[in-house]
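Enquirer: Before we start, here is the structure in question, set down as C-alpha cells.
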Amino acid sequence: MPESVSVEMVDDETGWSDVENALEGASACGMDAEWKPGTGEAALLQLAIRSQEGAAHDRVFLLDLLALPTDKMQETIKKLLTNKHVLKIGFDLEGDLRMVASSLGQGGWSCVSFVEPYMDIRKTTARLAKYQPNLAEPLLAGLSPLVEVLLGKPLDKTQQCSDWRARPLHHMQVEYAATDAYCLLAMADELCLRCESADSSIETAIDFRSTLYKVLVVNPRRKHTRRGRRKEKKERKEEVNTTVVPWRIPASIEDVKFLCAEMVEGLARQLRLCGIDAESGHGKSIYTLAQKAEAEGRVLLTQDRTAASGRYTRSVYYVFSQRKQEQLQEILQQFELMVPEARLLSRCVHCNGRLHENPLTPSEAEQLPQDLPPKVFEDHQEFWCCERCSHVYWEGSAYRRAFAQFSGQVQRACM
C-alpha cells in the first residue's frame, strides 16, 4: 500500500463525520470486513475510499463496529450501498455484508440488502480468465495469489484469523485490515487496464463496463424450526462431506494424518494433544493446502464449503462444530478414532513433532535452548523433548490437568 494513503481508525462520532465527508465526494469504495472465527459477526468494517479527484487522494477508514453507534452505522452504510454514483468493490462482497448485517442488530439486514452499483473482483476475474489463462489458477487459490498476479506482490494473510474483537487492535492487524481493503481499489484499476488494452477478440467477448455496474441483493438466511434445522443440517452434511479417506476405517491413529485449514487451526492443537498427526495450514491458501493434503496422504479439515464440496481434493472434511472441544469430538466420532491413553500428550502442540520416547535427565534438559526456571529442574526428574523443534515438556500440574481432560473427551467420543 502506498505511503501516501492515509489510514484512520474510527471508533467515535468525531471520526465518523470524517467518513461521511469522504463518502460525499467518493467515486469508488473498496469494502472488506474482519471477524473473529466462530462468532458470525463482523468486528471491523474497512472502507478504502477513492475521491472524484483521483487515486492521489485515496483514504482507508477502519470502522470499529463494536464501538460506533448502531443507528448511525445503519444509516450511513445504507446510504453508501445505494448511492449510484459510488462503485462498491469487494471480493465475495455478499459474504462480508452478511457478517456486517449480523453485527448491526435489528435492522441490520435491511441496510445491506441492496447494493448498486458493485463490482465483485472474483466474478470479474473469472470472466477475464477465459481469455487470460494465467489468472485461472490464482483465482482458485484465493485472494492473496490473485493479488500477486495482478499487483506483483502477495498479501500477508497471517492476521486473518486473529482476535478481531480484542481492543486495541495490534498495529499488524491495522496494517493487514487496511491493505485488505485498499488492494481492492488497486485490483479494480488493474482489471480495467487489462480489459481496455486487450485484443479485439476479448473486447468483443467482454463488455467490461457492463460487468461492473450490477445490482447485488443480499437476503438474510431463512429461519427454521428445530425440526427444520435438523433436516437442513443433515442435508448439508450429505452435500459437502463425501470424504475420500486415504486410510482404512477404523484405523490405528499411527496411520491417521490431518491437515487443518486456518479457520480450524485450534483443532490442530486438540488433535496433537491426543497424539494424532495434525499439521496446521496457517497463512496458506485452501488451494495450496489441498495440494499438500493430496501429496502427503492427509485429510484436509476445513470450514470452507467450496473446498469441502470436493472442488480441490476429495480428501477433505467439513467441520460443522464451532468450539474446538466439540470439533475434536466430531472428528473422533466421524473417523471412528480410538485413542489409547498411552498416546495422549505424545506430540508437540507447537510443531506437531513426536516427543522422544526416552526421557531426559534434568542435566540433559538444561543443555537444550529452551529457557526454563531452575525450580523446574529441582522439582522434576524426567523431561521429554520434541524431535522436531526441541521444545521441552515435563509432568507438572498442567500435564495432569490436560491428561485428565483429554482422557475424558476420548472416552465420551467412544461412547
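Quick note on naming: the chains in the C-alpha cells go A, B, ... in the order shown, residues restart at 1 in each chain, and ligands are numbered from 1 in order of appearance.
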Using only C-alpha atoms, which residues sit within 6 Å of stretch 349-354 of chain A once same-chain residues fewer than 6 positions away are excluded, as a ChimeraX atom specification?
Expert: /A:269,272,386-388
Enquirer: Can those selected residues be exported to a file as a PDB file, in the first residue's frame so that it contains N, CA, C and O atoms?
Expert:
ATOM      1  N   ARG A 269      -4.310 -28.245  17.419  1.00  0.00           N
ATOM      2  CA  ARG A 269      -3.728 -28.398  18.759  1.00  0.00           C
ATOM      3  C   ARG A 269      -4.440 -29.483  19.551  1.00  0.00           C
ATOM      4  O   ARG A 269      -3.812 -30.290  20.242  1.00  0.00           O
ATOM      5  N   ARG A 272      -3.352 -32.883  18.287  1.00  0.00           N
ATOM      6  CA  ARG A 272      -1.971 -33.196  18.706  1.00  0.00           C
ATOM      7  C   ARG A 272      -1.932 -33.651  20.161  1.00  0.00           C
ATOM      8  O   ARG A 272      -1.177 -34.555  20.514  1.00  0.00           O
ATOM      9  N   CYS A 386      10.810 -32.598  22.084  1.00  0.00           N
ATOM     10  CA  CYS A 386      10.245 -32.768  20.745  1.00  0.00           C
ATOM     11  C   CYS A 386      11.359 -33.087  19.745  1.00  0.00           C
ATOM     12  O   CYS A 386      12.401 -32.431  19.730  1.00  0.00           O
ATOM     13  N   GLU A 387      11.113 -34.082  18.904  1.00  0.00           N
ATOM     14  CA  GLU A 387      12.106 -34.477  17.913  1.00  0.00           C
ATOM     15  C   GLU A 387      12.323 -33.401  16.852  1.00  0.00           C
ATOM     16  O   GLU A 387      13.392 -33.317  16.256  1.00  0.00           O
ATOM     17  N   ARG A 388      11.292 -32.565  16.632  1.00  0.00           N
ATOM     18  CA  ARG A 388      11.373 -31.589  15.540  1.00  0.00           C
ATOM     19  C   ARG A 388      11.884 -30.220  15.998  1.00  0.00           C
ATOM     20  O   ARG A 388      12.789 -29.658  15.388  1.00  0.00           O
TER      21      ARG A 388
END
Enquirer: Could you list, as a PyMOL selection string, every residue within 10 Å of stretch 74-76 of chain A, counting only C-alpha atoms and ignoring same-chain residues fewer than 6 positions away?
Expert: chain A and resi 16+19-20+23+100-101+104-112
Enquirer: Can you tell me which residues surround A:Pro145 at a distance of at most 12 Å, considering only C-alpha atoms, apart from same-chain residues fewer than 4 positions away, and format the answer as a list in words?
Expert: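 That gives Asn134, Leu135, Ala136, Glu137, Pro138, Leu139, Leu140, Ala141, Val149, Leu150, Leu151, Gly152, Lys153, Pro154, Leu155, Asp156, Lys157, Gly283, Lys284, Ser285, Ile286, Tyr287 and Thr288 of chain A.
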Enquirer: Near A:Arg343, counting only C-alpha atoms, which residues have an atom at most 10 Å away, once you skip same-chain residues fewer than 4 positions from it, shown as a list of chain:residue names?
Expert: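 The residues that qualify are A:Ile253, A:Glu254, A:Arg272, A:Leu273, A:Cys274, A:Gly275, A:Ile276, A:Val339, A:Arg347.
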Enquirer: I need the residue nearest A:Ala398 from this list: A:Phe258, A:Leu345, A:Ala365, A:Pro373. Use only C-alpha atoms for the distance.
Expert: A:Leu345
Enquirer: Interatomic distance between atom CA of A:Cys195 and atom CA of A:Thr179?
Expert: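 The value is 24.1 Å.
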Enquirer: List every residue of stretch 66-129 of chain A that DSSP, applied to the backbone of this structure, places in strand (DSSP E), and write the result as number ranges by chain.
Expert: A: 87-90, 114-120
Enquirer: Keeping N, CA, C and O atoms for every residue in the selection just given, could you write it to a file as a short mmCIF file (atom, residue, chain, number, x, y, z; two decimals), in the first residue's frame?
Expert:
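As written to disk, selection-v4.cif reads:
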data_model
loop_
_atom_site.label_atom_id
_atom_site.label_comp_id
_atom_site.auth_asym_id
_atom_site.auth_seq_id
_atom_site.Cartn_x
_atom_site.Cartn_y
_atom_site.Cartn_z
N LEU A 87 -19.05 3.37 -6.89
CA LEU A 87 -18.89 1.96 -7.21
C LEU A 87 -18.37 1.22 -5.98
O LEU A 87 -17.31 1.56 -5.45
N LYS A 88 -19.11 0.22 -5.51
CA LYS A 88 -18.68 -0.60 -4.37
C LYS A 88 -17.91 -1.81 -4.91
O LYS A 88 -18.39 -2.51 -5.80
N ILE A 89 -16.71 -2.06 -4.35
CA ILE A 89 -15.83 -3.11 -4.84
C ILE A 89 -15.55 -4.08 -3.71
O ILE A 89 -15.24 -3.67 -2.58
N GLY A 90 -15.66 -5.37 -3.99
CA GLY A 90 -15.39 -6.37 -2.95
C GLY A 90 -14.88 -7.67 -3.55
O GLY A 90 -14.89 -7.86 -4.76
N PHE A 114 -29.47 -4.18 -0.41
CA PHE A 114 -29.47 -3.74 -1.81
C PHE A 114 -28.20 -2.93 -2.06
O PHE A 114 -27.93 -1.95 -1.36
N VAL A 115 -27.42 -3.36 -3.06
CA VAL A 115 -26.15 -2.68 -3.38
C VAL A 115 -26.14 -2.34 -4.87
O VAL A 115 -26.29 -3.22 -5.71
N GLU A 116 -25.95 -1.06 -5.18
CA GLU A 116 -25.91 -0.64 -6.57
C GLU A 116 -25.09 0.65 -6.71
O GLU A 116 -25.35 1.60 -5.97
N PRO A 117 -24.12 0.67 -7.63
CA PRO A 117 -23.57 -0.44 -8.41
C PRO A 117 -22.46 -1.13 -7.60
O PRO A 117 -21.96 -0.58 -6.64
N TYR A 118 -22.07 -2.33 -8.02
CA TYR A 118 -20.98 -3.01 -7.31
C TYR A 118 -20.15 -3.82 -8.30
O TYR A 118 -20.60 -4.15 -9.40
N MET A 119 -18.93 -4.12 -7.89
CA MET A 119 -18.03 -4.95 -8.70
C MET A 119 -17.46 -6.04 -7.79
O MET A 119 -16.87 -5.72 -6.76
N ASP A 120 -17.64 -7.28 -8.17
CA ASP A 120 -17.05 -8.39 -7.43
C ASP A 120 -15.77 -8.80 -8.14
O ASP A 120 -15.81 -9.27 -9.28
#
Enquirer: Excluding A:Ala55 and its own-chain neighbours fewer than 6 positions away, which residues fall within 10 Å of it when counting only C-alpha atoms? Please give them as a PDB file with all heavy atoms, in the first residue's frame.
Expert:
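Contents of the output file result_16.pdb:
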ATOM      1  N   SER A   4       1.401   7.257   0.765  1.00  0.00           N
ATOM      2  CA  SER A   4       0.549   8.448   0.661  1.00  0.00           C
ATOM      3  C   SER A   4      -0.889   8.185   1.097  1.00  0.00           C
ATOM      4  O   SER A   4      -1.643   9.130   1.361  1.00  0.00           O
ATOM      5  CB  SER A   4       0.547   8.958  -0.783  1.00  0.00           C
ATOM      6  OG  SER A   4       0.066   7.949  -1.667  1.00  0.00           O
ATOM      7  N   VAL A   5      -1.281   6.900   1.179  1.00  0.00           N
ATOM      8  CA  VAL A   5      -2.655   6.554   1.579  1.00  0.00           C
ATOM      9  C   VAL A   5      -2.783   6.682   3.095  1.00  0.00           C
ATOM     10  O   VAL A   5      -2.056   6.031   3.847  1.00  0.00           O
ATOM     11  CB  VAL A   5      -3.016   5.127   1.135  1.00  0.00           C
ATOM     12  CG1 VAL A   5      -4.429   4.772   1.598  1.00  0.00           C
ATOM     13  CG2 VAL A   5      -2.894   4.991  -0.372  1.00  0.00           C
ATOM     14  N   ILE A  49     -11.607   4.442   0.300  1.00  0.00           N
ATOM     15  CA  ILE A  49     -12.405   5.417  -0.439  1.00  0.00           C
ATOM     16  C   ILE A  49     -11.536   6.168  -1.449  1.00  0.00           C
ATOM     17  O   ILE A  49     -10.508   6.741  -1.082  1.00  0.00           O
ATOM     18  CB  ILE A  49     -13.079   6.409   0.529  1.00  0.00           C
ATOM     19  CG1 ILE A  49     -14.014   5.648   1.483  1.00  0.00           C
ATOM     20  CG2 ILE A  49     -13.849   7.473  -0.241  1.00  0.00           C
ATOM     21  CD1 ILE A  49     -14.646   6.525   2.545  1.00  0.00           C
ATOM     22  N   LEU A 185      -9.179  -1.592  -4.556  1.00  0.00           N
ATOM     23  CA  LEU A 185      -9.122  -0.473  -5.498  1.00  0.00           C
ATOM     24  C   LEU A 185      -8.037  -0.711  -6.541  1.00  0.00           C
ATOM     25  O   LEU A 185      -8.243  -0.501  -7.743  1.00  0.00           O
ATOM     26  CB  LEU A 185      -8.831   0.835  -4.750  1.00  0.00           C
ATOM     27  CG  LEU A 185      -9.907   1.382  -3.800  1.00  0.00           C
ATOM     28  CD1 LEU A 185      -9.406   2.661  -3.132  1.00  0.00           C
ATOM     29  CD2 LEU A 185     -11.196   1.660  -4.557  1.00  0.00           C
ATOM     30  N   ALA A 186      -6.865  -1.144  -6.069  1.00  0.00           N
ATOM     31  CA  ALA A 186      -5.743  -1.364  -6.977  1.00  0.00           C
ATOM     32  C   ALA A 186      -6.037  -2.494  -7.965  1.00  0.00           C
ATOM     33  O   ALA A 186      -5.680  -2.413  -9.147  1.00  0.00           O
ATOM     34  CB  ALA A 186      -4.482  -1.679  -6.167  1.00  0.00           C
ATOM     35  N   ASP A 189      -8.398  -1.259 -10.659  1.00  0.00           N
ATOM     36  CA  ASP A 189      -7.659  -0.463 -11.647  1.00  0.00           C
ATOM     37  C   ASP A 189      -6.959  -1.373 -12.654  1.00  0.00           C
ATOM     38  O   ASP A 189      -7.009  -1.138 -13.860  1.00  0.00           O
ATOM     39  CB  ASP A 189      -6.606   0.404 -10.941  1.00  0.00           C
ATOM     40  CG  ASP A 189      -7.225   1.547 -10.138  1.00  0.00           C
ATOM     41  OD1 ASP A 189      -8.387   1.902 -10.430  1.00  0.00           O
ATOM     42  OD2 ASP A 189      -6.555   2.075  -9.246  1.00  0.00           O
TER      43      ASP A 189
END
Enquirer: Using only C-alpha atoms, determine which residues lie at most 7 Å from stretch 32-46 of chain A, disregarding the query and same-chain residues fewer than 4 positions distant; provide the list as a list of chain:residue names.
Expert: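 The residues that qualify are A:Phe61, A:Leu62, A:Leu63, A:Asp64, A:Leu65, A:Leu66, A:Gly90, A:Asp96, A:Met99, A:Val100, A:Ser102, A:Ser103, A:Cys161, A:Ser162, A:Asp163, A:Trp164, A:Arg165, A:Ala177, A:Ala178, A:Ala181, A:Met263, A:Gln322.
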Enquirer: Just to be explicit: take each residue in the selection above, keep C-alpha atoms, and write the result as a PDB file, in the first residue's frame.
Expert:
ATOM      1  CA  PHE A  61     -11.140   4.041   7.211  1.00  0.00           C
ATOM      2  CA  LEU A  62     -11.320   1.182   9.731  1.00  0.00           C
ATOM      3  CA  LEU A  63     -14.747   1.297  11.364  1.00  0.00           C
ATOM      4  CA  ASP A  64     -14.932  -0.245  14.834  1.00  0.00           C
ATOM      5  CA  LEU A  65     -18.314  -1.987  14.771  1.00  0.00           C
ATOM      6  CA  LEU A  66     -18.006  -2.749  18.499  1.00  0.00           C
ATOM      7  CA  GLY A  90     -15.394  -6.370  -2.953  1.00  0.00           C
ATOM      8  CA  ASP A  96     -18.768  -9.717   4.087  1.00  0.00           C
ATOM      9  CA  MET A  99     -21.307 -10.573   8.638  1.00  0.00           C
ATOM     10  CA  VAL A 100     -21.771  -6.798   8.867  1.00  0.00           C
ATOM     11  CA  SER A 102     -25.318  -9.651  11.850  1.00  0.00           C
ATOM     12  CA  SER A 103     -23.278  -7.144  13.867  1.00  0.00           C
ATOM     13  CA  CYS A 161      -7.769 -15.429  11.920  1.00  0.00           C
ATOM     14  CA  SER A 162      -6.549 -13.265  14.797  1.00  0.00           C
ATOM     15  CA  ASP A 163      -8.917 -11.985  17.502  1.00  0.00           C
ATOM     16  CA  TRP A 164     -10.644  -9.040  15.825  1.00  0.00           C
ATOM     17  CA  ARG A 165     -12.771  -8.346  18.891  1.00  0.00           C
ATOM     18  CA  ALA A 177      -7.041  -4.703   7.522  1.00  0.00           C
ATOM     19  CA  ALA A 178      -6.149  -1.507   5.653  1.00  0.00           C
ATOM     20  CA  ALA A 181      -9.437  -3.096   1.602  1.00  0.00           C
ATOM     21  CA  MET A 263     -10.317 -21.422  10.241  1.00  0.00           C
ATOM     22  CA  GLN A 322     -17.610 -24.209  16.197  1.00  0.00           C
TER      23      GLN A 322
END
